[in-house]
>>> print(open('input-v2.cif').read())   # mmCIF, C-alpha atoms, pLDDT in the B column; chains and numbers go by the auth columns
data_target
loop_
_atom_site.group_PDB
_atom_site.id
_atom_site.type_symbol
_atom_site.label_atom_id
_atom_site.label_comp_id
_atom_site.label_asym_id
_atom_site.label_seq_id
_atom_site.Cartn_x
_atom_site.Cartn_y
_atom_site.Cartn_z
_atom_site.B_iso_or_equiv
_atom_site.auth_seq_id
_atom_site.auth_asym_id
ATOM 1 C CA MET A 1 -5.102 2.598 16.552 54.00 1 Y
ATOM 2 C CA ALA A 2 -8.763 2.123 15.737 56.00 2 Y
ATOM 3 C CA HIS A 3 -9.840 -0.765 13.562 59.00 3 Y
ATOM 4 C CA PRO A 4 -10.346 0.368 9.914 54.00 4 Y
ATOM 5 C CA SER A 5 -14.005 -0.696 9.944 55.00 5 Y
ATOM 6 C CA LYS A 6 -14.626 1.840 12.727 63.00 6 Y
ATOM 7 C CA THR A 7 -12.769 4.704 11.006 70.00 7 Y
ATOM 8 C CA ALA A 8 -14.082 4.266 7.454 72.00 8 Y
ATOM 9 C CA HIS A 9 -17.217 5.966 6.244 73.00 9 Y
ATOM 10 C CA LYS A 10 -19.102 4.072 3.554 75.00 10 Y
ATOM 11 C CA GLN A 11 -20.124 6.222 0.610 74.00 11 Y
ATOM 12 C CA ARG A 12 -22.278 5.615 -2.431 76.00 12 Y
ATOM 13 C CA LYS A 13 -21.367 2.712 -4.690 81.00 13 Y
ATOM 14 C CA GLY A 14 -19.434 0.997 -1.905 81.00 14 Y
ATOM 15 C CA THR A 15 -16.460 3.352 -1.759 85.00 15 Y
ATOM 16 C CA LEU A 16 -14.888 4.003 1.618 84.00 16 Y
ATOM 17 C CA THR A 17 -13.633 7.325 2.949 84.00 17 Y
ATOM 18 C CA PHE A 18 -10.838 7.374 5.520 85.00 18 Y
ATOM 19 C CA HIS A 19 -9.736 10.493 7.360 86.00 19 Y
ATOM 20 C CA ILE A 20 -6.086 10.082 8.293 85.00 20 Y
ATOM 21 C CA HIS A 21 -3.392 12.056 10.041 89.00 21 Y
ATOM 22 C CA LEU A 22 -0.054 11.679 8.244 88.00 22 Y
ATOM 23 C CA THR A 23 3.174 12.677 9.982 93.00 23 Y
ATOM 24 C CA LEU A 24 6.257 13.102 7.789 92.00 24 Y
ATOM 25 C CA ALA A 25 9.717 13.674 9.245 92.00 25 Y
ATOM 26 C CA PRO A 26 12.266 15.943 7.543 93.00 26 Y
ATOM 27 C CA GLY A 27 15.312 13.976 6.494 90.00 27 Y
ATOM 28 C CA ARG A 28 13.518 10.640 6.411 87.00 28 Y
ATOM 29 C CA ASP A 29 10.573 11.719 4.248 87.00 29 Y
ATOM 30 C CA ASP A 30 12.033 14.584 2.183 90.00 30 Y
ATOM 31 C CA ASP A 31 10.903 13.061 -1.123 88.00 31 Y
ATOM 32 C CA LEU A 32 7.317 12.680 0.126 90.00 32 Y
ATOM 33 C CA ILE A 33 7.267 16.170 1.633 92.00 33 Y
ATOM 34 C CA ALA A 34 8.518 17.722 -1.614 92.00 34 Y
ATOM 35 C CA GLU A 35 6.012 15.782 -3.686 89.00 35 Y
ATOM 36 C CA LEU A 36 3.044 16.736 -1.508 91.00 36 Y
ATOM 37 C CA ARG A 37 4.103 20.402 -1.303 93.00 37 Y
ATOM 38 C CA ALA A 38 4.215 20.482 -5.116 93.00 38 Y
ATOM 39 C CA THR A 39 0.704 18.997 -5.377 92.00 39 Y
ATOM 40 C CA PRO A 40 -2.241 21.413 -5.683 91.00 40 Y
ATOM 41 C CA LEU A 41 -4.369 21.375 -2.529 88.00 41 Y
ATOM 42 C CA GLY A 42 -7.370 19.761 -4.238 90.00 42 Y
ATOM 43 C CA GLY A 43 -5.205 16.938 -5.564 91.00 43 Y
ATOM 44 C CA VAL A 44 -3.475 15.797 -2.386 91.00 44 Y
ATOM 45 C CA ALA A 45 -5.753 12.804 -1.726 90.00 45 Y
ATOM 46 C CA ALA A 46 -5.397 11.577 -5.314 91.00 46 Y
ATOM 47 C CA ARG A 47 -1.608 12.015 -5.201 90.00 47 Y
ATOM 48 C CA VAL A 48 -1.304 10.167 -1.877 89.00 48 Y
ATOM 49 C CA ARG A 49 -3.427 7.343 -3.319 89.00 49 Y
ATOM 50 C CA GLU A 50 -1.188 7.206 -6.413 89.00 50 Y
ATOM 51 C CA MET A 51 1.984 7.190 -4.285 87.00 51 Y
ATOM 52 C CA MET A 52 0.617 4.386 -2.085 86.00 52 Y
ATOM 53 C CA ARG A 53 -0.178 2.283 -5.138 88.00 53 Y
ATOM 54 C CA SER A 54 2.983 2.789 -7.125 85.00 54 Y
ATOM 55 C CA GLY A 55 5.512 4.720 -5.083 76.00 55 Y
ATOM 56 C CA ILE A 56 6.757 8.171 -5.946 68.00 56 Y
ATOM 57 C CA SER A 57 7.132 8.509 -9.674 53.00 57 Y
ATOM 58 C CA SER A 58 7.137 12.207 -10.427 50.00 58 Y
ATOM 59 C CA GLY A 59 9.371 13.433 -13.198 53.00 59 Y
ATOM 60 C CA ARG A 60 11.217 15.591 -10.694 54.00 60 Y
ATOM 61 C CA PHE A 61 12.078 12.570 -8.533 51.00 61 Y
ATOM 62 C CA LEU A 62 13.092 10.444 -11.522 55.00 62 Y
ATOM 63 C CA ALA A 63 15.256 13.273 -12.854 59.00 63 Y
ATOM 64 C CA GLU A 64 17.115 13.406 -9.532 57.00 64 Y
ATOM 65 C CA ILE A 65 17.787 9.662 -9.742 56.00 65 Y
ATOM 66 C CA ALA A 66 18.935 9.949 -13.369 61.00 66 Y
ATOM 67 C CA ASP A 67 21.404 12.683 -12.409 61.00 67 Y
ATOM 68 C CA GLU A 68 22.945 10.362 -9.815 62.00 68 Y
ATOM 69 C CA CYS A 69 23.267 7.365 -12.176 65.00 69 Y
ATOM 70 C CA GLU A 70 26.066 6.768 -14.620 65.00 70 Y
ATOM 71 C CA SER A 71 25.392 5.415 -18.074 63.00 71 Y
ATOM 72 C CA ILE A 72 27.518 2.523 -19.259 62.00 72 Y
ATOM 73 C CA GLU A 73 27.963 0.850 -22.614 64.00 73 Y
ATOM 74 C CA VAL A 74 27.747 -2.916 -22.788 60.00 74 Y
ATOM 75 C CA ASP A 75 29.183 -4.847 -25.720 63.00 75 Y
ATOM 76 C CA VAL A 76 26.926 -7.875 -26.317 59.00 76 Y
ATOM 77 C CA GLY A 77 28.419 -8.718 -29.718 61.00 77 Y
ATOM 78 C CA GLY A 78 30.512 -11.552 -28.306 63.00 78 Y
ATOM 79 C CA VAL A 79 27.631 -13.484 -26.730 58.00 79 Y
ATOM 80 C CA GLY A 80 26.200 -14.721 -30.042 60.00 80 Y
ATOM 81 C CA VAL A 81 22.820 -12.983 -29.757 53.00 81 Y
ATOM 82 C CA ASP A 82 21.463 -10.659 -32.425 54.00 82 Y
ATOM 83 C CA LEU A 83 19.386 -7.839 -31.050 51.00 83 Y
#
>>> encode(input="input-v2.cif", output="structure tokens")
Amino acid sequence: MAHPSKTAHKQRKGTLTFHIHLTLAPGRDDDLIAELRATPLGGVAARVREMMRSGISSGRFLAEIADECESIEVDVGGVGVDL
């Protein structure tokens, strides 16, 4: 792999542009594949940047997690703390 300083192109105001090749494998990367397929073509770079910074956080992905989770009720009345 080439060193980042040799693959980056410096733009105005000090920003760097990287051209990357991203390989995603079905099964392992299904959540990423679905997210990128749902992203408009002009927004892919911004979405990849957002996912790298904070992980996948689309409503669709969070809804899938919520469907898999059970809600539970916790009684904290006996611990002597007023909430």
>>> residues_around(input="input-v2.cif", residues="Y:Leu36", least_positions_apart="2", cutoff="12 Å", atoms="all atoms listed in the file", output="list of chain:residue names")
Y:Leu22, Y:Leu24, Y:Asp29, Y:Asp30, Y:Asp31, Y:Leu32, Y:Ile33, Y:Ala34, Y:Ala38, Y:Thr39, Y:Pro40, Y:Leu41, Y:Gly42, Y:Gly43, Y:Val44, Y:Ala45, Y:Ala46, Y:Arg47, Y:Val48, Y:Arg49, Y:Glu50, Y:Met51, Y:Ile56, Y:Ser58
>>> atom_distance(input="input-v2.cif", atom1="atom CA of Y:Glu35", atom2="atom CA of Y:Thr23")
14.3 Å
>>> atom_distance(input="input-v2.cif", atom1="atom CA of Y:Met52", atom2="atom CA of Y:His21")
14.9 Å
>>> atom_distance(input="input-v2.cif", atom1="atom CA of Y:Gly55", atom2="atom CA of Y:Arg28")
15.2 Å
